[in-house]
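Peer 1: Shown below is the structure under consideration.
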Amino acid sequence: MNASLSWIKAYVPDLETTDQEFFDAMTLSGTKGESYTRLDKNLEKIVVGQLKSIEPHPDADKLVICQVDIGTEIIQIVTGASNMKVGDRVPVVLDGGRVAGGHDGSANPEDGIKITAGKLRGVLSNGMMCSIEELGSSREFYPEAPENGLYIFPEDTQLGADAAEVLGLRDTVFEYEITSNRVDCYSILGIAREAAATYNLPFHMPQVSVEETSEKTSDYISVEVRDTDLCTRYCARVVTDIHIAPSPKWMQRRLASCGIRPINNLVDITNYIMLEYGQPMHAYNLDTVAGHHIVVKRAADGETFTTLDGQERKLDSEVLMICDADKEIGIAGIMGGENSMITDDVKTVLFEAATFNGPNIRKSAKRIGLRTDASGFFEKGLDPVNAEDAINRACQLISELGCGKVTSGIVEAGAPVAPQKKITLEPDRINALLGTDISRDEMVAILKREQITVDGDQIIVPSFRQDLNQMCDIAEEVARFFGYDKIPTTLPKSSATTGKLTFKMRVEAKAREVAQFCGFSQAYTYSFESPKVFDKLLLPEDAKERKCIRISNPLGEDFSVMRTISLNGMLTSLSTNYNRRNKDVRLYEMGNIYVAKKLPLTELPDERMQLTLGFYGEGDFYSMKGVIEEFLDSIGMLDKVEYDPKAGKPFLHPGRQAKVVYDGEEIGYLGEVHPQVCDNYDMDTHVYIAVIDLPAVLPHASFDRIYTGIAKFPAVTRDISMVVPSDILAGDIEHMIRQRGGKILESLELFDIYEGAQIKAGFKSMAYSLSFRDKEKTLSDDEVSAAMKKILNGLESMKIELRS
Amino acid sequence: MMKEKLDQLREEALKQIKETDSADRLNEIRVAFLGKKGELTGILKSMKDVAPEDRPKVGQMVNDTRAEIEKVLEESKTRMESAIREAKMKAEVIDVTLPAKKNKVGHRHPNTIALEEVERIFVGMGYEVVEGPEVEKDYYNFEALNIPADHPAKDEQDTFYINADLLLRTQTSSTQVHEMEKGRIPIKMIAPGRVFRADEVDATHSPSFHQVEGLVVDKDITFADLKGTLAEFSKQIFGPDTKVKFRPHHFPFTEPSAEMDVSCFKCGGKGCRFCKGEGWIEILGCGMVHPHVLEMSGIDPKEYTGFAFGVGLERIALLKYEIDDMRLLYENDIRFLKQF
């Protein structure tokens, strides 16, 4: 919402302020300024001058030499303009002055253009005469300006006067962000009312009295509202003897300050009222209104209607229409029809000021695909009382500006106007909510500043303040004008509470910590992705991951399904790095996947937090396995972890993948990414990933530790070197050794593994170092030998040969 | 006579020790004088020629001589070893300006840094950290927050829908409702999490971002408490000199409502490119929980009041680290992540 300071001052005449101060004060009382623009920015030393003579330039065909009377003296100016004649009054920038831009209307430089006296083709020029573009505006807002050339003032303009002032440019336009609850502030009057309250100054509403003819409006028009749920009020007035002409300069300037182009008196008045009162109006050519009868009712499904922009619109039974006796003549609150539009030869006009159901207008505008200035207002839900005030004000301007004759009275229909709302003033509760000690009198005074009256303990809520309903709303009004800054600053005196993270969050924090120590940096990727991801990951048609949740209104196919597997984000991020030639990249992510319990979705899905790790460059499968083990160790889960090569993940290398199993239950997987998947993600390198499903981990995770003492007795070590059939897993051998080694087996370590020339085909050589220790005593040779014997028997039964 | 012999022997030993600079030679000297076949042992062997009454005295003299030679030998050895070590270290000088061999530690994402900061501050003030679902029921995201079906705010938030009843939450405020419904008062919680809005990706927008919601409900909670709490938070996160400014605003689920600005932590409030010359930066929205919201969640607004606030994590991260493009946060280029 834009509002110029001069227009606001029209209703708050005592307002004395600077731009910045006004901007800040309004923001602090709740009318948030976005920015403000001085209309006379970079306009310096520009006066009204009169051309006394125009002579040709001796050395340039396209230049002329002018003598210009600027009130105090006559100066010589050389110009290339040609639209002026002797006697014309024009804007003149004096030596050392400044203009906003060039005459071609291109973007204005930040600091404008400085004008200095100088010679043009050898002839002295003491300034410059300007076009409207050079003054920072355009023909759009100054329709009387010529298309090309100097702006020419009316003949009665005073010589030497400040040209910016004469043009109405000594003004500042403020842009406000109005919150959805303050419908009344989408109007200059609303903002002026806030300004008066902010500065505690008198507020002057326009004094409205309509000069009416003796003819009765009701003889011209009748109105019937059939759907009062969608049209709360419909006010109609009639203007006869229409005389179309330009509107006066003051009105044009005010419209222009809000970015609205002046057209003619009739159009300008409706636009003016929309800005001043926040009430859009519509004008129909009454001669096209069949039966001089208006019916407001819902459209029929599938009907079409041509709006005044010539477009055919498809309607449905939730769209409210303005109709005459025979046909539709406008889409209520959105746009009038081509069949009833005002033309230059219009004689009699029907003015409509109505209020409609806001949400209905919003939805209709959306469905029809036509959002207009008017619908933007109506969808907020307008005040029915204001509609009547606005149409009267419009008719006052009609007769004042000689635009036509207003017939006598309003014809109206609609729902009964709601009774005046009352709220009990409860100073104690207000103070208790705010933490303040504001007196009742001060509260009453604040409300009065806002044009809200208090009768006894009852607050009489004006119709324009539909947002005020209960004590907390009044508390906000009091707080705003008391000053948010003056409310004390305290901390809650409430009962003591303990601050804490959930166990899940602590495990997640541990995962982040371990990943970082292992060299992984944290990635964040989106929760939604393309359904094509499943193909990229080589998931079969019946894979459970394909049972995904679809967003009904996604930003596009690429963001249309909620992820059911966390790899796409990781592989995409790794690919981004790989293709930017970043070396040795390690990333991890903590993020949810969304698993539907049933599709289509009827209840909330299972949101499963995944720790996803991925890297390329330095490292291999076992580096990734090491990270998993560091994490599991940190949450007390390392002892029962096993790796099952039959992981069944189609997106991983078939020979280099493992399920991570804890106590028989799958808690995640890891492996080398399938070369085809690497291709799909444009990576020509080995990529390793691991995923840990946190909900599977949480029931087993623990931060508890018990100190077991540091061994006092010596360890005995024995090495075993063996030749093992290739298909036997190290994990199986280790499992057997641990079982047979018994309590005294402290640890085992694979220190050599070899497959190749010296070993027969189908076998690999492996060597373990076993360490035995008893916590209570020094082990005897016999004890160790007994344990070793069991282990060796075990190896034999697995068809493993010992090497000498 | 024996004394002279011993003195002579001592002089000779000390002289030889002094003349040498080799550890081997020192050992030879030790053997030559003090060894089993050494000169001093020889003298000891000749004790039998000494009168028995003089033997203790001579014995003492021999022992003193041995002790002295040993002492000098030991000193010399120590000196020599230390000289050798010095020489060795001189040869071991390195160029300390050569590149470091770093442990390849990974880096936290700026969002997480901001989140951990916010959590630390509020946990310190006695807030519990909780979570809510990202796929949410319309009721929790809108209706229970005083945003009924026809409310314009529902359009403003450009919601991603799964179906008529389920959506991707547009605000962590939904967690407020879950927490209030538990019926445990006092409530003092923050709820961080991912939220979604149908905004096209550009330098300042992302269809998915993160918020931290805060909620306090108890007897006698005031707007002044809200101000005090957020002022303390701002000082802790943006620095002790940070000033706060509360501006009236509107949210359907709070009344009175406010937006909070902090004095620009880059320029201290003088005005710079970060605060667009204003000296203030908008940080969060907040307010007193609307009585209707309390009521809908089963809390009696006549007995209890509360305040709530919501802050964007990305906003804090972008501002604090002067990140000029939000897309960087979701691209995961290692050259970006390494800077944090």
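Simple scheme: letters A, B, ... for chains in structure tokens order, numbers from 1 for residues in each chain, numbers from 1 for ligands in the order shown.
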List the neighbours of Asp218 in chain B out to 7 Å using only C-alpha atoms; skip same-chain residues closer than 6 positions along the sequence, and give me the result as a list in words.

Peer 2: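 Everything that qualifies: Ser494 of chain A; Ile185, Pro186, Ile187, Tyr304, Thr305 and Gly306 of chain B.
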
Peer 1: May I have the residues from that selection written out with N, CA, C and O atoms, as a short mmCIF file (atom, residue, chain, number, x, y, z; two decimals), in the first residue's frame?

Peer 2:
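Saved as again-v4.cif:
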```
data_model
loop_
_atom_site.label_atom_id
_atom_site.label_comp_id
_atom_site.auth_asym_id
_atom_site.auth_seq_id
_atom_site.Cartn_x
_atom_site.Cartn_y
_atom_site.Cartn_z
N SER A 494 8.39 -18.20 36.22
CA SER A 494 7.65 -19.44 36.38
C SER A 494 8.48 -20.50 37.09
O SER A 494 9.66 -20.32 37.35
N ILE B 185 1.84 -28.62 32.05
CA ILE B 185 2.21 -27.22 32.20
C ILE B 185 3.05 -27.12 33.47
O ILE B 185 2.72 -27.78 34.44
N PRO B 186 4.08 -26.34 33.57
CA PRO B 186 4.53 -25.38 32.57
C PRO B 186 5.14 -26.03 31.32
O PRO B 186 5.72 -27.09 31.40
N ILE B 187 5.02 -25.30 30.20
CA ILE B 187 5.70 -25.68 28.97
C ILE B 187 6.80 -24.66 28.74
O ILE B 187 6.58 -23.46 28.82
N TYR B 304 -3.99 -19.56 32.29
CA TYR B 304 -2.63 -19.58 31.77
C TYR B 304 -2.45 -18.60 30.62
O TYR B 304 -3.39 -18.36 29.85
N THR B 305 -1.25 -18.08 30.50
CA THR B 305 -0.88 -17.30 29.32
C THR B 305 0.44 -17.86 28.81
O THR B 305 1.08 -18.68 29.48
N GLY B 306 0.83 -17.41 27.65
CA GLY B 306 2.09 -17.92 27.12
C GLY B 306 2.62 -17.04 26.02
O GLY B 306 1.92 -16.16 25.52
#
```

Peer 1: Any idea which chain A residues end up within 7 Å of chain B if we count only C-alpha atoms, as a PyMOL selection string please?

Peer 2: chain A and resi 27-30+179+359+432-435+472-473+475-476+480+484-485+487-492+494+497-502+516-526+550-555+573+576-577+585+604

Peer 1: Give me the residues within 10 Å of range 301-315 of chain A as a VMD selection string, counting only C-alpha atoms and dropping any in the same chain fewer than 4 places off.

Peer 2: chain A and resid 319 to 321 327 to 331 334 to 342 364 367 to 370

Peer 1: Hey, can you check how far CA of Thr17 in chain A sits from CA of Ala3 in chain A?

Peer 2: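 Rounded to one decimal, the two atoms are 15.1 Å apart.
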
Peer 1: When distances are computed from only C-alpha atoms, which of B:Ala67, B:Cys267, B:Ala203, B:Met260 shows the smallest separation from Met326 in chain B?

Peer 2: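 For Met326 in chain B, the nearest of the candidates is B:Ala203.
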
Peer 1: Which residue is closest to Val411 in chain A? Choose from A:Cys323, A:Ala236, A:Ile710, A:Ala192 and count only C-alpha atoms.

Peer 2: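 Of A:Cys323, A:Ala236, A:Ile710, A:Ala192, the one nearest Val411 in chain A, counting only C-alpha atoms, is A:Ala236.
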
Peer 1: Please give the complete set of residues from range 526-561 of chain A that DSSP, run on the backbone, assigns to alpha helix (DSSP H), formatted as an NGL selection string.

Peer 2: :A and (533-536)

Peer 1: Check the DSSP output for the backbone and give back, as a ChimeraX atom specification, the residues of range 348-529 of chain A in strand (DSSP E).

Peer 2: /A:349-356,405-408,411-414,421-424,453-455,458-461,521-522,528-529

Peer 1: Next, the residues of the selection above should be written as a PDB file, in the first residue's frame with N, CA and C atoms.

Peer 2:
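Below you can see selection_14.pdb, which holds the result:
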```
ATOM      1  N   VAL A 349     -24.840   6.621 -15.589  1.00  0.00           N
ATOM      2  CA  VAL A 349     -23.967   5.614 -15.000  1.00  0.00           C
ATOM      3  C   VAL A 349     -24.598   5.058 -13.732  1.00  0.00           C
ATOM      4  N   LEU A 350     -24.503   3.729 -13.610  1.00  0.00           N
ATOM      5  CA  LEU A 350     -24.882   3.079 -12.356  1.00  0.00           C
ATOM      6  C   LEU A 350     -23.602   2.814 -11.582  1.00  0.00           C
ATOM      7  N   PHE A 351     -23.513   3.389 -10.386  1.00  0.00           N
ATOM      8  CA  PHE A 351     -22.353   3.158  -9.514  1.00  0.00           C
ATOM      9  C   PHE A 351     -22.680   2.053  -8.536  1.00  0.00           C
ATOM     10  N   GLU A 352     -21.724   1.143  -8.402  1.00  0.00           N
ATOM     11  CA  GLU A 352     -21.906   0.042  -7.448  1.00  0.00           C
ATOM     12  C   GLU A 352     -20.802   0.099  -6.406  1.00  0.00           C
ATOM     13  N   ALA A 353     -21.174   0.085  -5.108  1.00  0.00           N
ATOM     14  CA  ALA A 353     -20.196  -0.116  -4.031  1.00  0.00           C
ATOM     15  C   ALA A 353     -20.757  -1.248  -3.192  1.00  0.00           C
ATOM     16  N   ALA A 354     -20.074  -2.374  -3.238  1.00  0.00           N
ATOM     17  CA  ALA A 354     -20.618  -3.560  -2.564  1.00  0.00           C
ATOM     18  C   ALA A 354     -19.551  -4.191  -1.695  1.00  0.00           C
ATOM     19  N   THR A 355     -19.994  -5.085  -0.829  1.00  0.00           N
ATOM     20  CA  THR A 355     -19.022  -5.897  -0.080  1.00  0.00           C
ATOM     21  C   THR A 355     -19.394  -7.356  -0.283  1.00  0.00           C
ATOM     22  N   PHE A 356     -18.346  -8.148  -0.514  1.00  0.00           N
ATOM     23  CA  PHE A 356     -18.542  -9.566  -0.814  1.00  0.00           C
ATOM     24  C   PHE A 356     -17.811 -10.427   0.194  1.00  0.00           C
ATOM     25  N   LYS A 405     -24.783  14.504 -12.813  1.00  0.00           N
ATOM     26  CA  LYS A 405     -25.765  14.853 -11.789  1.00  0.00           C
ATOM     27  C   LYS A 405     -26.163  13.597 -11.019  1.00  0.00           C
ATOM     28  N   VAL A 406     -26.174  13.708  -9.700  1.00  0.00           N
ATOM     29  CA  VAL A 406     -26.415  12.557  -8.838  1.00  0.00           C
ATOM     30  C   VAL A 406     -27.886  12.535  -8.450  1.00  0.00           C
ATOM     31  N   THR A 407     -28.512  11.388  -8.675  1.00  0.00           N
ATOM     32  CA  THR A 407     -29.929  11.290  -8.316  1.00  0.00           C
ATOM     33  C   THR A 407     -30.064  11.113  -6.814  1.00  0.00           C
ATOM     34  N   SER A 408     -31.275  11.188  -6.341  1.00  0.00           N
ATOM     35  CA  SER A 408     -31.507  11.271  -4.910  1.00  0.00           C
ATOM     36  C   SER A 408     -31.609   9.888  -4.266  1.00  0.00           C
ATOM     37  N   VAL A 411     -29.887   3.086  -3.446  1.00  0.00           N
ATOM     38  CA  VAL A 411     -30.682   1.864  -3.462  1.00  0.00           C
ATOM     39  C   VAL A 411     -29.769   0.753  -2.990  1.00  0.00           C
ATOM     40  N   GLU A 412     -30.222   0.031  -1.998  1.00  0.00           N
ATOM     41  CA  GLU A 412     -29.321  -0.999  -1.496  1.00  0.00           C
ATOM     42  C   GLU A 412     -30.044  -2.269  -1.131  1.00  0.00           C
ATOM     43  N   ALA A 413     -29.249  -3.354  -1.034  1.00  0.00           N
ATOM     44  CA  ALA A 413     -29.772  -4.660  -0.651  1.00  0.00           C
ATOM     45  C   ALA A 413     -28.634  -5.452  -0.042  1.00  0.00           C
ATOM     46  N   GLY A 414     -28.959  -6.576   0.546  1.00  0.00           N
ATOM     47  CA  GLY A 414     -27.920  -7.413   1.147  1.00  0.00           C
ATOM     48  C   GLY A 414     -28.333  -7.938   2.500  1.00  0.00           C
ATOM     49  N   LYS A 421     -20.206  -4.037  17.605  1.00  0.00           N
ATOM     50  CA  LYS A 421     -19.541  -4.936  18.546  1.00  0.00           C
ATOM     51  C   LYS A 421     -19.113  -4.171  19.789  1.00  0.00           C
ATOM     52  N   LYS A 422     -19.196  -4.855  20.946  1.00  0.00           N
ATOM     53  CA  LYS A 422     -18.711  -4.240  22.189  1.00  0.00           C
ATOM     54  C   LYS A 422     -17.768  -5.211  22.884  1.00  0.00           C
ATOM     55  N   ILE A 423     -16.730  -4.646  23.474  1.00  0.00           N
ATOM     56  CA  ILE A 423     -15.764  -5.465  24.226  1.00  0.00           C
ATOM     57  C   ILE A 423     -15.591  -4.798  25.586  1.00  0.00           C
ATOM     58  N   THR A 424     -15.568  -5.614  26.640  1.00  0.00           N
ATOM     59  CA  THR A 424     -15.366  -5.053  27.976  1.00  0.00           C
ATOM     60  C   THR A 424     -13.904  -4.640  28.143  1.00  0.00           C
ATOM     61  N   THR A 453     -14.370   4.583  20.821  1.00  0.00           N
ATOM     62  CA  THR A 453     -14.916   5.195  22.031  1.00  0.00           C
ATOM     63  C   THR A 453     -15.165   4.139  23.109  1.00  0.00           C
ATOM     64  N   VAL A 454     -15.093   4.595  24.351  1.00  0.00           N
ATOM     65  CA  VAL A 454     -15.347   3.720  25.485  1.00  0.00           C
ATOM     66  C   VAL A 454     -16.539   4.301  26.241  1.00  0.00           C
ATOM     67  N   ASP A 455     -17.532   3.438  26.460  1.00  0.00           N
ATOM     68  CA  ASP A 455     -18.740   3.877  27.163  1.00  0.00           C
ATOM     69  C   ASP A 455     -18.830   3.057  28.438  1.00  0.00           C
ATOM     70  N   GLN A 458     -17.468  -0.460  28.521  1.00  0.00           N
ATOM     71  CA  GLN A 458     -17.645  -1.086  27.217  1.00  0.00           C
ATOM     72  C   GLN A 458     -16.906  -0.321  26.112  1.00  0.00           C
ATOM     73  N   ILE A 459     -16.127  -1.054  25.365  1.00  0.00           N
ATOM     74  CA  ILE A 459     -15.447  -0.467  24.208  1.00  0.00           C
ATOM     75  C   ILE A 459     -16.384  -0.631  23.012  1.00  0.00           C
ATOM     76  N   ILE A 460     -16.709   0.489  22.370  1.00  0.00           N
ATOM     77  CA  ILE A 460     -17.576   0.423  21.196  1.00  0.00           C
ATOM     78  C   ILE A 460     -16.670   0.272  19.980  1.00  0.00           C
ATOM     79  N   VAL A 461     -16.740  -0.895  19.347  1.00  0.00           N
ATOM     80  CA  VAL A 461     -15.808  -1.176  18.252  1.00  0.00           C
ATOM     81  C   VAL A 461     -16.368  -0.599  16.957  1.00  0.00           C
ATOM     82  N   SER A 521      32.027 -33.829   5.955  1.00  0.00           N
ATOM     83  CA  SER A 521      31.382 -32.537   6.161  1.00  0.00           C
ATOM     84  C   SER A 521      29.887 -32.693   5.952  1.00  0.00           C
ATOM     85  N   GLN A 522      29.141 -31.817   6.617  1.00  0.00           N
ATOM     86  CA  GLN A 522      27.694 -32.011   6.650  1.00  0.00           C
ATOM     87  C   GLN A 522      26.990 -31.407   5.444  1.00  0.00           C
ATOM     88  N   PHE A 528      12.245 -33.649  -0.907  1.00  0.00           N
ATOM     89  CA  PHE A 528      11.462 -34.150  -2.035  1.00  0.00           C
ATOM     90  C   PHE A 528      12.347 -34.223  -3.260  1.00  0.00           C
ATOM     91  N   GLU A 529      12.019 -35.149  -4.150  1.00  0.00           N
ATOM     92  CA  GLU A 529      12.849 -35.333  -5.324  1.00  0.00           C
ATOM     93  C   GLU A 529      12.012 -35.881  -6.478  1.00  0.00           C
TER      94      GLU A 529
END
```

Peer 1: Between CA of Gly49 in chain A and CA of Val90 in chain A, what is the spacing in Å?

Peer 2: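 Value for the CA of Val90 in chain A-CA of Gly49 in chain A distance: 5.4 Å.
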
Peer 1: When you draw a straight line from CA of Gly112 in chain A to CA of Glu133 in chain A, how long is it in Å?

Peer 2: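 Computing it gives 11.8 Å between the two atoms.
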
Peer 1: With only C-alpha atoms as the basis for distance, which of B:Glu68, B:Glu179, B:Glu12, B:Asp300 is at the shortest distance from Glu39 in chain B?

Peer 2: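 Between B:Glu68, B:Glu179, B:Glu12, B:Asp300, the residue approaching Glu39 in chain B most closely is B:Glu12.
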
Peer 1: Pick out the residues sitting within 9 Å of Ser173 in chain B, and hand them over as JSON, numbers by chain; count only C-alpha atoms, and ignore anything fewer than 5 positions along from it in its own chain.

Peer 2: {"B": [140, 141, 145, 191, 212, 213, 214, 215, 253, 308, 309, 310]}

Peer 1: Using only C-alpha atoms, determine which residues lie at most 9 Å from Gly312 in chain B, disregarding the query and same-chain residues fewer than 3 positions distant; provide the list as a ChimeraX atom specification.

Peer 2: /B:209-213,283-284,315-317

Peer 1: Rank A:Thr232, A:Thr198, A:Glu212, A:Arg371 by their smallest atom-to-atom distance to Gly483 in chain A, using only C-alpha atoms, and report the top residue only.

Peer 2: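 Closest to Gly483 in chain A, using only C-alpha atoms: A:Thr198.
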
Peer 1: Quick one: residues within 9 Å of Gln279 in chain A, only C-alpha atoms counted, chain neighbours fewer than 5 positions away excluded, as an mmCIF file with N, CA, C and O atoms, in the first residue's frame?

Peer 2:
```cif
data_model
loop_
_atom_site.group_PDB
_atom_site.id
_atom_site.type_symbol
_atom_site.label_atom_id
_atom_site.label_comp_id
_atom_site.auth_asym_id
_atom_site.auth_seq_id
_atom_site.Cartn_x
_atom_site.Cartn_y
_atom_site.Cartn_z
ATOM 1 N N SER A 187 -6.099 1.706 2.841
ATOM 2 C CA SER A 187 -6.716 2.934 2.357
ATOM 3 C C SER A 187 -5.935 4.107 2.939
ATOM 4 O O SER A 187 -5.320 3.984 3.998
ATOM 5 N N THR A 270 -13.458 6.832 -9.382
ATOM 6 C CA THR A 270 -13.575 5.478 -8.811
ATOM 7 C C THR A 270 -12.235 5.004 -8.263
ATOM 8 O O THR A 270 -12.158 4.418 -7.180
ATOM 9 N N ILE A 273 -11.508 6.833 -4.983
ATOM 10 C CA ILE A 273 -12.258 6.300 -3.841
ATOM 11 C C ILE A 273 -11.678 4.961 -3.377
ATOM 12 O O ILE A 273 -11.601 4.675 -2.192
ATOM 13 N N MET A 274 -11.217 4.172 -4.338
ATOM 14 C CA MET A 274 -10.604 2.890 -3.967
ATOM 15 C C MET A 274 -9.390 3.138 -3.082
ATOM 16 O O MET A 274 -9.178 2.442 -2.086
ATOM 17 N N ALA A 353 -21.174 0.085 -5.108
ATOM 18 C CA ALA A 353 -20.196 -0.116 -4.031
ATOM 19 C C ALA A 353 -20.757 -1.248 -3.192
ATOM 20 O O ALA A 353 -21.798 -1.085 -2.568
ATOM 21 N N ALA A 354 -20.074 -2.374 -3.238
ATOM 22 C CA ALA A 354 -20.618 -3.560 -2.564
ATOM 23 C C ALA A 354 -19.551 -4.191 -1.695
ATOM 24 O O ALA A 354 -18.377 -3.837 -1.779
ATOM 25 N N THR A 355 -19.994 -5.085 -0.829
ATOM 26 C CA THR A 355 -19.022 -5.897 -0.080
ATOM 27 C C THR A 355 -19.394 -7.356 -0.283
ATOM 28 O O THR A 355 -20.561 -7.726 -0.251
ATOM 29 N N ALA A 374 -9.350 -4.738 -7.785
ATOM 30 C CA ALA A 374 -10.580 -4.805 -7.008
ATOM 31 C C ALA A 374 -10.667 -6.102 -6.215
ATOM 32 O O ALA A 374 -10.935 -6.093 -5.008
ATOM 33 N N PHE A 377 -8.755 -6.162 -3.097
ATOM 34 C CA PHE A 377 -9.402 -5.505 -1.953
ATOM 35 C C PHE A 377 -10.503 -6.389 -1.373
ATOM 36 O O PHE A 377 -10.551 -6.635 -0.173
ATOM 37 N N PHE A 378 -11.405 -6.843 -2.260
ATOM 38 C CA PHE A 378 -12.574 -7.576 -1.763
ATOM 39 C C PHE A 378 -12.212 -8.846 -1.015
ATOM 40 O O PHE A 378 -12.895 -9.237 -0.085
ATOM 41 N N LEU A 382 -14.393 -6.658 3.162
ATOM 42 C CA LEU A 382 -14.528 -5.222 3.416
ATOM 43 C C LEU A 382 -15.693 -4.901 4.345
ATOM 44 O O LEU A 382 -16.584 -5.719 4.574
ATOM 45 N N ASP A 383 -15.661 -3.686 4.861
ATOM 46 C CA ASP A 383 -16.631 -3.200 5.848
ATOM 47 C C ASP A 383 -17.881 -2.659 5.131
ATOM 48 O O ASP A 383 -17.783 -1.710 4.354
ATOM 49 N N ASN A 386 -18.519 1.085 5.436
ATOM 50 C CA ASN A 386 -17.592 1.871 4.631
ATOM 51 C C ASN A 386 -18.055 1.965 3.169
ATOM 52 O O ASN A 386 -17.838 2.980 2.504
ATOM 53 N N ALA A 387 -18.735 0.911 2.683
ATOM 54 C CA ALA A 387 -19.193 0.899 1.287
ATOM 55 C C ALA A 387 -20.153 2.067 1.037
ATOM 56 O O ALA A 387 -20.068 2.763 0.019
ATOM 57 N N ALA A 390 -18.297 5.365 1.116
ATOM 58 C CA ALA A 390 -17.459 5.522 -0.068
ATOM 59 C C ALA A 390 -18.290 5.952 -1.279
ATOM 60 O O ALA A 390 -17.890 6.843 -2.034
ATOM 61 N N ILE A 391 -19.477 5.358 -1.454
ATOM 62 C CA ILE A 391 -20.265 5.695 -2.646
ATOM 63 C C ILE A 391 -20.787 7.121 -2.532
ATOM 64 O O ILE A 391 -20.878 7.855 -3.530
#
```

Peer 1: Just the residues within 12 Å of Ala81 in chain A, please, counting only C-alpha atoms, with nothing from its chain fewer than 4 positions along; format it as a list in words.

Peer 2: Ile54, Pro56, Asp61, Lys62, Leu63, Val64, Ile65, Cys66, Ile77, Lys85, Val90, His103, Met128, Met129, Cys130, Ser131, Pro146, Glu147, Asn148, Gly149, Leu150, Tyr151 and Ile152 of chain A
